[in-house]
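Participant: This is entry20.cif (mmCIF, N, CA and C atoms).
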data_run
#
loop_
_atom_site.label_atom_id
_atom_site.label_comp_id
_atom_site.auth_asym_id
_atom_site.auth_seq_id
_atom_site.Cartn_x
_atom_site.Cartn_y
_atom_site.Cartn_z
N MET A 15 89.67 -17.81 -11.00
CA MET A 15 90.16 -18.82 -11.92
C MET A 15 90.12 -18.31 -13.36
N GLY A 16 89.14 -17.49 -13.67
CA GLY A 16 89.02 -17.00 -15.04
C GLY A 16 90.27 -16.26 -15.50
N ILE A 17 90.81 -15.41 -14.65
CA ILE A 17 92.02 -14.66 -15.02
C ILE A 17 93.20 -15.61 -15.16
N MET A 18 93.30 -16.61 -14.29
CA MET A 18 94.40 -17.57 -14.41
C MET A 18 94.31 -18.35 -15.71
N VAL A 19 93.12 -18.70 -16.13
CA VAL A 19 92.94 -19.41 -17.39
C VAL A 19 93.36 -18.50 -18.55
N GLU A 20 92.97 -17.24 -18.50
CA GLU A 20 93.38 -16.29 -19.54
C GLU A 20 94.89 -16.19 -19.62
N VAL A 21 95.57 -16.09 -18.49
CA VAL A 21 97.03 -16.00 -18.47
C VAL A 21 97.66 -17.29 -19.00
N ALA A 22 97.16 -18.43 -18.57
CA ALA A 22 97.70 -19.72 -19.04
C ALA A 22 97.54 -19.85 -20.56
N ASN A 23 96.39 -19.48 -21.07
CA ASN A 23 96.17 -19.55 -22.52
C ASN A 23 97.08 -18.60 -23.27
N ALA A 24 97.29 -17.40 -22.73
CA ALA A 24 98.20 -16.44 -23.36
C ALA A 24 99.63 -16.98 -23.37
N LEU A 25 100.04 -17.57 -22.27
CA LEU A 25 101.38 -18.18 -22.22
C LEU A 25 101.50 -19.28 -23.27
N ALA A 26 100.49 -20.13 -23.34
CA ALA A 26 100.53 -21.23 -24.31
C ALA A 26 100.61 -20.71 -25.74
N ARG A 27 99.97 -19.59 -26.02
CA ARG A 27 100.02 -19.01 -27.37
C ARG A 27 101.37 -18.36 -27.67
N GLU A 28 101.96 -17.71 -26.69
CA GLU A 28 103.12 -16.86 -26.93
C GLU A 28 104.47 -17.49 -26.64
N VAL A 29 104.54 -18.41 -25.71
CA VAL A 29 105.82 -19.02 -25.35
C VAL A 29 106.21 -20.00 -26.44
N ARG A 30 107.46 -19.93 -26.85
CA ARG A 30 107.92 -20.73 -27.99
C ARG A 30 108.47 -22.10 -27.60
N HIS A 31 108.56 -22.39 -26.33
CA HIS A 31 109.01 -23.72 -25.91
C HIS A 31 107.84 -24.42 -25.22
N SER A 32 108.01 -25.70 -24.99
CA SER A 32 106.92 -26.44 -24.35
C SER A 32 106.81 -26.02 -22.88
N ILE A 33 105.59 -26.05 -22.38
CA ILE A 33 105.33 -25.74 -20.98
C ILE A 33 105.04 -27.06 -20.28
N ALA A 34 105.87 -27.41 -19.31
CA ALA A 34 105.72 -28.70 -18.63
C ALA A 34 104.45 -28.73 -17.78
N TYR A 35 104.23 -27.69 -17.00
CA TYR A 35 103.05 -27.66 -16.15
C TYR A 35 102.66 -26.23 -15.81
N ILE A 36 101.43 -26.09 -15.38
CA ILE A 36 100.91 -24.81 -14.89
C ILE A 36 100.20 -25.10 -13.58
N HIS A 37 100.51 -24.29 -12.59
CA HIS A 37 99.89 -24.40 -11.26
C HIS A 37 98.87 -23.27 -11.11
N MET A 38 97.71 -23.61 -10.59
CA MET A 38 96.66 -22.62 -10.34
C MET A 38 96.17 -22.76 -8.91
N PRO A 39 96.33 -21.72 -8.09
CA PRO A 39 95.89 -21.81 -6.70
C PRO A 39 94.38 -21.85 -6.56
N VAL A 40 93.93 -22.53 -5.51
CA VAL A 40 92.51 -22.63 -5.21
C VAL A 40 92.33 -22.30 -3.73
N PRO A 41 91.64 -21.22 -3.41
CA PRO A 41 91.42 -20.88 -1.99
C PRO A 41 90.61 -21.98 -1.29
N ALA A 42 90.86 -22.14 -0.01
CA ALA A 42 90.18 -23.17 0.78
C ALA A 42 88.67 -23.03 0.72
N ALA A 43 88.19 -21.82 0.65
CA ALA A 43 86.73 -21.58 0.68
C ALA A 43 86.05 -21.85 -0.66
N ARG A 44 86.81 -22.16 -1.72
CA ARG A 44 86.20 -22.33 -3.04
C ARG A 44 86.11 -23.79 -3.43
N ALA A 45 84.91 -24.32 -3.35
CA ALA A 45 84.62 -25.68 -3.81
C ALA A 45 83.32 -25.63 -4.59
N ASP A 46 83.19 -24.57 -5.40
CA ASP A 46 81.93 -24.33 -6.11
C ASP A 46 82.16 -24.32 -7.63
N ASP A 47 81.12 -24.64 -8.34
CA ASP A 47 81.20 -24.68 -9.81
C ASP A 47 81.63 -23.35 -10.41
N ASP A 48 81.15 -22.25 -9.87
CA ASP A 48 81.50 -20.94 -10.43
C ASP A 48 83.01 -20.71 -10.44
N TYR A 49 83.69 -21.17 -9.42
CA TYR A 49 85.14 -20.98 -9.37
C TYR A 49 85.86 -21.82 -10.42
N PHE A 50 85.46 -23.08 -10.56
CA PHE A 50 86.18 -24.01 -11.44
C PHE A 50 85.73 -23.98 -12.90
N ARG A 51 84.55 -23.47 -13.17
CA ARG A 51 84.00 -23.48 -14.54
C ARG A 51 84.95 -22.90 -15.59
N PRO A 52 85.69 -21.84 -15.33
CA PRO A 52 86.60 -21.31 -16.37
C PRO A 52 87.65 -22.31 -16.86
N LEU A 53 87.91 -23.36 -16.10
CA LEU A 53 88.87 -24.37 -16.55
C LEU A 53 88.46 -25.01 -17.87
N GLN A 54 87.18 -24.97 -18.20
CA GLN A 54 86.71 -25.50 -19.48
C GLN A 54 87.33 -24.76 -20.66
N GLN A 55 87.79 -23.55 -20.43
CA GLN A 55 88.33 -22.73 -21.50
C GLN A 55 89.84 -22.88 -21.68
N LEU A 56 90.47 -23.75 -20.91
CA LEU A 56 91.91 -23.94 -21.06
C LEU A 56 92.22 -24.44 -22.47
N ALA A 57 93.22 -23.83 -23.07
CA ALA A 57 93.63 -24.21 -24.43
C ALA A 57 95.13 -24.46 -24.41
N LEU A 58 95.52 -25.52 -23.73
CA LEU A 58 96.92 -25.85 -23.57
C LEU A 58 97.29 -27.07 -24.39
N SER A 59 98.57 -27.24 -24.61
CA SER A 59 99.06 -28.44 -25.28
C SER A 59 98.72 -29.65 -24.43
N PRO A 60 98.42 -30.78 -25.05
CA PRO A 60 98.15 -31.99 -24.28
C PRO A 60 99.34 -32.41 -23.40
N SER A 61 100.53 -31.94 -23.72
CA SER A 61 101.71 -32.30 -22.92
C SER A 61 101.87 -31.42 -21.68
N THR A 62 101.09 -30.36 -21.57
CA THR A 62 101.17 -29.49 -20.40
C THR A 62 100.28 -30.04 -19.29
N GLU A 63 100.88 -30.30 -18.14
CA GLU A 63 100.13 -30.81 -17.01
C GLU A 63 99.55 -29.65 -16.20
N ILE A 64 98.39 -29.86 -15.63
CA ILE A 64 97.72 -28.88 -14.79
C ILE A 64 97.83 -29.34 -13.35
N PHE A 65 98.23 -28.45 -12.47
CA PHE A 65 98.25 -28.72 -11.03
C PHE A 65 97.39 -27.69 -10.34
N LEU A 66 96.39 -28.15 -9.63
CA LEU A 66 95.49 -27.27 -8.90
C LEU A 66 95.90 -27.24 -7.43
N GLY A 67 96.12 -26.04 -6.93
CA GLY A 67 96.55 -25.86 -5.54
C GLY A 67 95.37 -25.89 -4.60
N LEU A 68 94.80 -27.07 -4.46
CA LEU A 68 93.58 -27.20 -3.66
C LEU A 68 93.78 -27.97 -2.37
N VAL A 69 95.03 -28.22 -1.99
CA VAL A 69 95.33 -28.89 -0.73
C VAL A 69 95.54 -27.84 0.36
N HIS A 70 94.76 -27.96 1.43
CA HIS A 70 94.85 -27.04 2.57
C HIS A 70 94.87 -27.84 3.85
N ALA A 71 95.74 -27.46 4.77
CA ALA A 71 95.77 -28.12 6.08
C ALA A 71 94.52 -27.80 6.88
N SER A 72 93.91 -26.67 6.60
CA SER A 72 92.75 -26.22 7.40
C SER A 72 91.55 -27.15 7.31
N ASP A 73 91.36 -27.81 6.17
CA ASP A 73 90.22 -28.73 6.06
C ASP A 73 90.62 -30.11 5.56
N GLY A 74 91.91 -30.37 5.50
CA GLY A 74 92.45 -31.70 5.26
C GLY A 74 91.96 -32.41 4.02
N ALA A 75 91.97 -33.74 4.11
CA ALA A 75 91.61 -34.59 2.97
C ALA A 75 90.15 -34.39 2.57
N GLU A 76 89.28 -34.17 3.53
CA GLU A 76 87.86 -33.99 3.22
C GLU A 76 87.64 -32.77 2.33
N GLY A 77 88.23 -31.65 2.69
CA GLY A 77 88.09 -30.44 1.87
C GLY A 77 88.76 -30.60 0.52
N THR A 78 89.93 -31.27 0.51
CA THR A 78 90.63 -31.50 -0.75
C THR A 78 89.77 -32.36 -1.68
N ARG A 79 89.18 -33.40 -1.15
CA ARG A 79 88.31 -34.25 -1.98
C ARG A 79 87.12 -33.47 -2.52
N ARG A 80 86.58 -32.59 -1.70
CA ARG A 80 85.43 -31.78 -2.15
C ARG A 80 85.86 -30.89 -3.33
N ARG A 81 87.03 -30.27 -3.24
CA ARG A 81 87.51 -29.42 -4.34
C ARG A 81 87.86 -30.26 -5.56
N ILE A 82 88.45 -31.46 -5.36
CA ILE A 82 88.75 -32.35 -6.49
C ILE A 82 87.47 -32.72 -7.22
N GLU A 83 86.44 -33.07 -6.46
CA GLU A 83 85.17 -33.49 -7.06
C GLU A 83 84.59 -32.40 -7.97
N VAL A 84 84.64 -31.17 -7.54
CA VAL A 84 84.10 -30.08 -8.36
C VAL A 84 85.03 -29.81 -9.54
N ALA A 85 86.34 -29.77 -9.30
CA ALA A 85 87.29 -29.48 -10.38
C ALA A 85 87.20 -30.48 -11.51
N ARG A 86 87.00 -31.76 -11.20
CA ARG A 86 87.00 -32.78 -12.25
C ARG A 86 85.80 -32.63 -13.20
N ARG A 87 84.82 -31.82 -12.84
CA ARG A 87 83.73 -31.54 -13.76
C ARG A 87 84.19 -30.65 -14.93
N TYR A 88 85.31 -29.96 -14.73
CA TYR A 88 85.73 -28.94 -15.69
C TYR A 88 87.10 -29.15 -16.32
N VAL A 89 87.88 -30.05 -15.77
CA VAL A 89 89.19 -30.35 -16.35
C VAL A 89 89.39 -31.85 -16.27
N ARG A 90 89.88 -32.43 -17.37
CA ARG A 90 89.94 -33.88 -17.52
C ARG A 90 90.83 -34.54 -16.47
N ALA A 91 92.04 -34.10 -16.34
CA ALA A 91 92.98 -34.70 -15.38
C ALA A 91 93.88 -33.60 -14.85
N PHE A 92 94.27 -33.74 -13.60
CA PHE A 92 95.12 -32.71 -12.99
C PHE A 92 95.85 -33.31 -11.79
N GLY A 93 96.94 -32.66 -11.46
CA GLY A 93 97.66 -33.01 -10.25
C GLY A 93 97.21 -32.10 -9.13
N ILE A 94 97.56 -32.48 -7.91
CA ILE A 94 97.18 -31.65 -6.77
C ILE A 94 98.43 -31.06 -6.13
N ALA A 95 98.24 -29.92 -5.51
CA ALA A 95 99.33 -29.20 -4.85
C ALA A 95 98.73 -28.35 -3.74
N THR A 96 99.59 -27.76 -2.95
CA THR A 96 99.11 -26.78 -1.98
C THR A 96 98.78 -25.50 -2.73
N GLU A 97 98.05 -24.63 -2.09
CA GLU A 97 97.64 -23.38 -2.75
C GLU A 97 98.86 -22.56 -3.17
N CYS A 98 99.83 -22.43 -2.28
CA CYS A 98 100.99 -21.60 -2.64
C CYS A 98 102.28 -22.12 -2.02
N GLY A 99 102.43 -23.39 -1.92
CA GLY A 99 103.66 -23.97 -1.40
C GLY A 99 103.58 -24.35 0.06
N MET A 100 104.63 -24.99 0.52
CA MET A 100 104.65 -25.44 1.91
C MET A 100 105.58 -24.62 2.79
N ALA A 101 106.42 -23.82 2.21
CA ALA A 101 107.39 -23.06 3.01
C ALA A 101 106.71 -22.12 3.99
N ARG A 102 105.56 -21.62 3.63
CA ARG A 102 104.85 -20.71 4.52
C ARG A 102 104.30 -21.41 5.75
N ALA A 103 104.25 -22.72 5.73
CA ALA A 103 103.66 -23.47 6.85
C ALA A 103 104.44 -23.23 8.14
N ARG A 104 105.73 -23.22 8.05
CA ARG A 104 106.63 -22.88 9.15
C ARG A 104 106.66 -23.85 10.33
N THR A 105 105.76 -24.78 10.40
CA THR A 105 105.83 -25.75 11.49
C THR A 105 105.88 -27.15 10.91
N ARG A 106 106.56 -28.00 11.61
CA ARG A 106 106.65 -29.39 11.16
C ARG A 106 105.27 -30.04 11.11
N ARG A 107 104.44 -29.75 12.10
CA ARG A 107 103.11 -30.36 12.14
C ARG A 107 102.28 -29.97 10.92
N THR A 108 102.31 -28.70 10.53
CA THR A 108 101.54 -28.27 9.36
C THR A 108 102.06 -28.94 8.10
N ILE A 109 103.37 -29.02 7.97
CA ILE A 109 103.95 -29.69 6.80
C ILE A 109 103.55 -31.16 6.79
N ASP A 110 103.63 -31.81 7.95
CA ASP A 110 103.20 -33.22 8.04
C ASP A 110 101.73 -33.36 7.64
N ASP A 111 100.89 -32.44 8.11
CA ASP A 111 99.47 -32.48 7.75
C ASP A 111 99.28 -32.34 6.24
N LEU A 112 99.99 -31.40 5.62
CA LEU A 112 99.87 -31.20 4.18
C LEU A 112 100.34 -32.43 3.40
N LEU A 113 101.43 -33.01 3.83
CA LEU A 113 101.92 -34.22 3.16
C LEU A 113 100.94 -35.37 3.32
N ARG A 114 100.34 -35.50 4.49
CA ARG A 114 99.35 -36.55 4.73
C ARG A 114 98.14 -36.37 3.79
N VAL A 115 97.70 -35.13 3.63
CA VAL A 115 96.57 -34.87 2.73
C VAL A 115 96.96 -35.25 1.30
N HIS A 116 98.18 -34.91 0.89
CA HIS A 116 98.63 -35.29 -0.45
C HIS A 116 98.57 -36.81 -0.63
N VAL A 117 99.09 -37.54 0.34
CA VAL A 117 99.11 -39.01 0.25
C VAL A 117 97.68 -39.55 0.20
N GLU A 118 96.81 -39.05 1.06
CA GLU A 118 95.44 -39.56 1.14
C GLU A 118 94.63 -39.28 -0.12
N THR A 119 94.92 -38.19 -0.80
CA THR A 119 94.06 -37.78 -1.91
C THR A 119 94.71 -37.92 -3.29
N SER A 120 95.98 -38.20 -3.36
CA SER A 120 96.64 -38.25 -4.67
C SER A 120 96.26 -39.48 -5.47
N GLN A 121 95.58 -40.43 -4.88
CA GLN A 121 95.15 -41.63 -5.61
C GLN A 121 93.73 -41.50 -6.12
N GLU A 122 93.13 -40.33 -5.95
CA GLU A 122 91.77 -40.11 -6.44
C GLU A 122 91.75 -40.30 -7.96
N PRO A 123 90.67 -40.79 -8.53
CA PRO A 123 90.58 -40.92 -9.99
C PRO A 123 90.79 -39.57 -10.67
N LEU A 124 91.49 -39.59 -11.75
CA LEU A 124 91.79 -38.43 -12.58
C LEU A 124 92.81 -37.47 -12.00
N VAL A 125 93.35 -37.75 -10.83
CA VAL A 125 94.44 -36.94 -10.31
C VAL A 125 95.72 -37.51 -10.89
N THR A 126 96.52 -36.68 -11.52
CA THR A 126 97.72 -37.17 -12.18
C THR A 126 98.91 -37.09 -11.24
N ILE A 127 99.83 -38.01 -11.44
CA ILE A 127 101.10 -37.99 -10.73
C ILE A 127 102.08 -37.29 -11.66
N PRO A 128 102.84 -36.31 -11.18
CA PRO A 128 103.78 -35.60 -12.06
C PRO A 128 104.71 -36.57 -12.77
N ARG A 129 105.01 -36.27 -14.02
CA ARG A 129 105.87 -37.15 -14.82
C ARG A 129 107.17 -37.47 -14.10
N ALA A 130 107.75 -36.48 -13.44
CA ALA A 130 109.04 -36.66 -12.78
C ALA A 130 108.94 -37.64 -11.61
N MET A 131 107.74 -37.88 -11.08
CA MET A 131 107.59 -38.76 -9.93
C MET A 131 107.09 -40.15 -10.29
N ARG A 132 106.72 -40.36 -11.55
CA ARG A 132 106.22 -41.67 -11.97
C ARG A 132 107.35 -42.67 -12.06
N GLN A 133 107.06 -43.92 -11.72
CA GLN A 133 108.06 -44.96 -11.89
C GLN A 133 108.21 -45.23 -13.37
N ARG A 134 109.42 -45.47 -13.76
CA ARG A 134 109.67 -45.74 -15.18
C ARG A 134 109.90 -47.21 -15.40
#
Represent the structure from my file as structure tokens, please.
Facilitator:
Amino acid sequence: MGIMVEVANALAREVRHSIAYIHMPVPAARADDDYFRPLQQLALSPSTEIFLGLVHASDGAEGTRRRIEVARRYVRAFGIATECGMARARTRRTIDDLLRVHVETSQEPLVTIPRAMRQR
């Protein structure tokens, strides 16, 4: 996570247009403070949304909630996503499982809904 925070901060300093969001993957095995602590160093515009790729079919909503709980100690609000997309899932069942986890956990406190998906 530390390197991802460094890259995100460098982008925020150097890119001349606004950054809508930044996605940071989270391995299924990481639900520890050491992994998420570098998020405290994020120096992004308040308009940039953070999405943490902490949804995994392997441990479902329970594992996702565990990672959310630790992440919220270090970043105020964030959206949730899969670690690296759903296309790699390759089976309908896996995609259904990932979508179910998103639905079950996206209402957690401090999890943000992407601006494009909010009702206006």
Participant: So which residues get picked by the PyMOL selection byres (((chain A and resi 31-37 and name CA) around 8) and name CA) here, written as a list of chain:residue names?
Facilitator: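 That expression, the PyMOL selection byres (((chain A and resi 31-37 and name CA) around 8) and name CA), corresponds here to A:Ala22, A:Ala26, A:Val29, A:Arg30, A:Met38, A:Pro39, A:Ser61, A:Thr62, A:Glu63, A:Ile64, A:Phe65, A:Leu66, A:Gly67.
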Participant: Take the residues from that selection and put them in a file with N, CA and C atoms, as a short mmCIF file (atom, residue, chain, number, x, y, z; two decimals), in the coordinates of the input.
Facilitator:
data_model
loop_
_atom_site.label_atom_id
_atom_site.label_comp_id
_atom_site.auth_asym_id
_atom_site.auth_seq_id
_atom_site.Cartn_x
_atom_site.Cartn_y
_atom_site.Cartn_z
N ALA A 22 97.16 -18.43 -18.57
CA ALA A 22 97.70 -19.72 -19.04
C ALA A 22 97.54 -19.85 -20.56
N ALA A 26 100.49 -20.13 -23.34
CA ALA A 26 100.53 -21.23 -24.31
C ALA A 26 100.61 -20.71 -25.74
N VAL A 29 104.54 -18.41 -25.71
CA VAL A 29 105.82 -19.02 -25.35
C VAL A 29 106.21 -20.00 -26.44
N ARG A 30 107.46 -19.93 -26.85
CA ARG A 30 107.92 -20.73 -27.99
C ARG A 30 108.47 -22.10 -27.60
N MET A 38 97.71 -23.61 -10.59
CA MET A 38 96.66 -22.62 -10.34
C MET A 38 96.17 -22.76 -8.91
N PRO A 39 96.33 -21.72 -8.09
CA PRO A 39 95.89 -21.81 -6.70
C PRO A 39 94.38 -21.85 -6.56
N SER A 61 100.53 -31.94 -23.72
CA SER A 61 101.71 -32.30 -22.92
C SER A 61 101.87 -31.42 -21.68
N THR A 62 101.09 -30.36 -21.57
CA THR A 62 101.17 -29.49 -20.40
C THR A 62 100.28 -30.04 -19.29
N GLU A 63 100.88 -30.30 -18.14
CA GLU A 63 100.13 -30.81 -17.01
C GLU A 63 99.55 -29.65 -16.20
N ILE A 64 98.39 -29.86 -15.63
CA ILE A 64 97.72 -28.88 -14.79
C ILE A 64 97.83 -29.34 -13.35
N PHE A 65 98.23 -28.45 -12.47
CA PHE A 65 98.25 -28.72 -11.03
C PHE A 65 97.39 -27.69 -10.34
N LEU A 66 96.39 -28.15 -9.63
CA LEU A 66 95.49 -27.27 -8.90
C LEU A 66 95.90 -27.24 -7.43
N GLY A 67 96.12 -26.04 -6.93
CA GLY A 67 96.55 -25.86 -5.54
C GLY A 67 95.37 -25.89 -4.60
#
Participant: I need the residue set behind the PyMOL selection byres (((chain A and resi 74 and name CA) around 10) and name CA) for this file; please write it as a list in words.
Facilitator: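 When the PyMOL selection byres (((chain A and resi 74 and name CA) around 10) and name CA) is applied, the selected residues are Ala42, Val69, His70, Ala71, Ser72, Asp73, Ala75, Glu76, Gly77, Thr78, Arg79, Asp111, Leu112, Arg114, Val115, His116, Glu118 and Thr119 of chain A.
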Participant: As a ChimeraX atom specification, please: every residue in region 63-103 of chain A that DSSP puts in helix (DSSP H, G or I).
Facilitator: /A:74-85,101-103
Participant: Which residues fall under the PyMOL selection byres ((chain A and resi 84-101) around 6) in this file, as a VMD selection string?
Facilitator: chain A and resid 39 to 40 45 50 to 51 53 to 54 64 to 70 80 to 83 102 to 104 124 to 127
Participant: What's around Glu20 (chain A) at 10 Å? Count only C-alpha atoms, leave out sequence neighbours fewer than 3 positions away in its own chain, and write the answer as a VMD selection string.
Facilitator: chain A and resid 15 to 17 23 to 26 52 to 53 55 to 57
Participant: Of the candidates A:Ser120, A:Ala43, A:Arg27, A:Thr105, which shows the shortest atom-to-atom distance to Ser59 (chain A), using only C-alpha atoms?
Facilitator: A:Arg27
Participant: From a DSSP pass on the backbone, collect the residues of chain A flagged as strand (DSSP E) and hand them back as a PDB file with N, CA and C atoms, in the frame of the given file.
Facilitator:
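See selection06.pdb below for the written result:
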ATOM      1  N   TYR A  35     104.230 -27.690 -17.000  1.00  0.00           N
ATOM      2  CA  TYR A  35     103.050 -27.660 -16.150  1.00  0.00           C
ATOM      3  C   TYR A  35     102.660 -26.230 -15.810  1.00  0.00           C
ATOM      4  N   ILE A  36     101.430 -26.090 -15.380  1.00  0.00           N
ATOM      5  CA  ILE A  36     100.910 -24.810 -14.890  1.00  0.00           C
ATOM      6  C   ILE A  36     100.200 -25.100 -13.580  1.00  0.00           C
ATOM      7  N   HIS A  37     100.510 -24.290 -12.590  1.00  0.00           N
ATOM      8  CA  HIS A  37      99.890 -24.400 -11.260  1.00  0.00           C
ATOM      9  C   HIS A  37      98.870 -23.270 -11.110  1.00  0.00           C
ATOM     10  N   MET A  38      97.710 -23.610 -10.590  1.00  0.00           N
ATOM     11  CA  MET A  38      96.660 -22.620 -10.340  1.00  0.00           C
ATOM     12  C   MET A  38      96.170 -22.760  -8.910  1.00  0.00           C
ATOM     13  N   PRO A  39      96.330 -21.720  -8.090  1.00  0.00           N
ATOM     14  CA  PRO A  39      95.890 -21.810  -6.700  1.00  0.00           C
ATOM     15  C   PRO A  39      94.380 -21.850  -6.560  1.00  0.00           C
ATOM     16  N   GLU A  63     100.880 -30.300 -18.140  1.00  0.00           N
ATOM     17  CA  GLU A  63     100.130 -30.810 -17.010  1.00  0.00           C
ATOM     18  C   GLU A  63      99.550 -29.650 -16.200  1.00  0.00           C
ATOM     19  N   ILE A  64      98.390 -29.860 -15.630  1.00  0.00           N
ATOM     20  CA  ILE A  64      97.720 -28.880 -14.790  1.00  0.00           C
ATOM     21  C   ILE A  64      97.830 -29.340 -13.350  1.00  0.00           C
ATOM     22  N   PHE A  65      98.230 -28.450 -12.470  1.00  0.00           N
ATOM     23  CA  PHE A  65      98.250 -28.720 -11.030  1.00  0.00           C
ATOM     24  C   PHE A  65      97.390 -27.690 -10.340  1.00  0.00           C
ATOM     25  N   LEU A  66      96.390 -28.150  -9.630  1.00  0.00           N
ATOM     26  CA  LEU A  66      95.490 -27.270  -8.900  1.00  0.00           C
ATOM     27  C   LEU A  66      95.900 -27.240  -7.430  1.00  0.00           C
ATOM     28  N   GLY A  67      96.120 -26.040  -6.930  1.00  0.00           N
ATOM     29  CA  GLY A  67      96.550 -25.860  -5.540  1.00  0.00           C
ATOM     30  C   GLY A  67      95.370 -25.890  -4.600  1.00  0.00           C
ATOM     31  N   LEU A  68      94.800 -27.070  -4.460  1.00  0.00           N
ATOM     32  CA  LEU A  68      93.580 -27.200  -3.660  1.00  0.00           C
ATOM     33  C   LEU A  68      93.780 -27.970  -2.370  1.00  0.00           C
ATOM     34  N   VAL A  69      95.030 -28.220  -1.990  1.00  0.00           N
ATOM     35  CA  VAL A  69      95.330 -28.890  -0.730  1.00  0.00           C
ATOM     36  C   VAL A  69      95.540 -27.840   0.360  1.00  0.00           C
ATOM     37  N   GLY A  93      96.940 -32.660 -11.460  1.00  0.00           N
ATOM     38  CA  GLY A  93      97.660 -33.010 -10.250  1.00  0.00           C
ATOM     39  C   GLY A  93      97.210 -32.100  -9.130  1.00  0.00           C
ATOM     40  N   ILE A  94      97.560 -32.480  -7.910  1.00  0.00           N
ATOM     41  CA  ILE A  94      97.180 -31.650  -6.770  1.00  0.00           C
ATOM     42  C   ILE A  94      98.430 -31.060  -6.130  1.00  0.00           C
ATOM     43  N   ALA A  95      98.240 -29.920  -5.510  1.00  0.00           N
ATOM     44  CA  ALA A  95      99.330 -29.200  -4.850  1.00  0.00           C
ATOM     45  C   ALA A  95      98.730 -28.350  -3.740  1.00  0.00           C
ATOM     46  N   THR A  96      99.590 -27.760  -2.950  1.00  0.00           N
ATOM     47  CA  THR A  96      99.110 -26.780  -1.980  1.00  0.00           C
ATOM     48  C   THR A  96      98.780 -25.500  -2.730  1.00  0.00           C
TER      49      THR A  96
END
Participant: How many Å lie between atom C of Pro41 (chain A) and atom C of Met18 (chain A), rounded to one decimal?
Facilitator: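 Atom C of Met18 (chain A) lies 15.3 Å from atom C of Pro41 (chain A).
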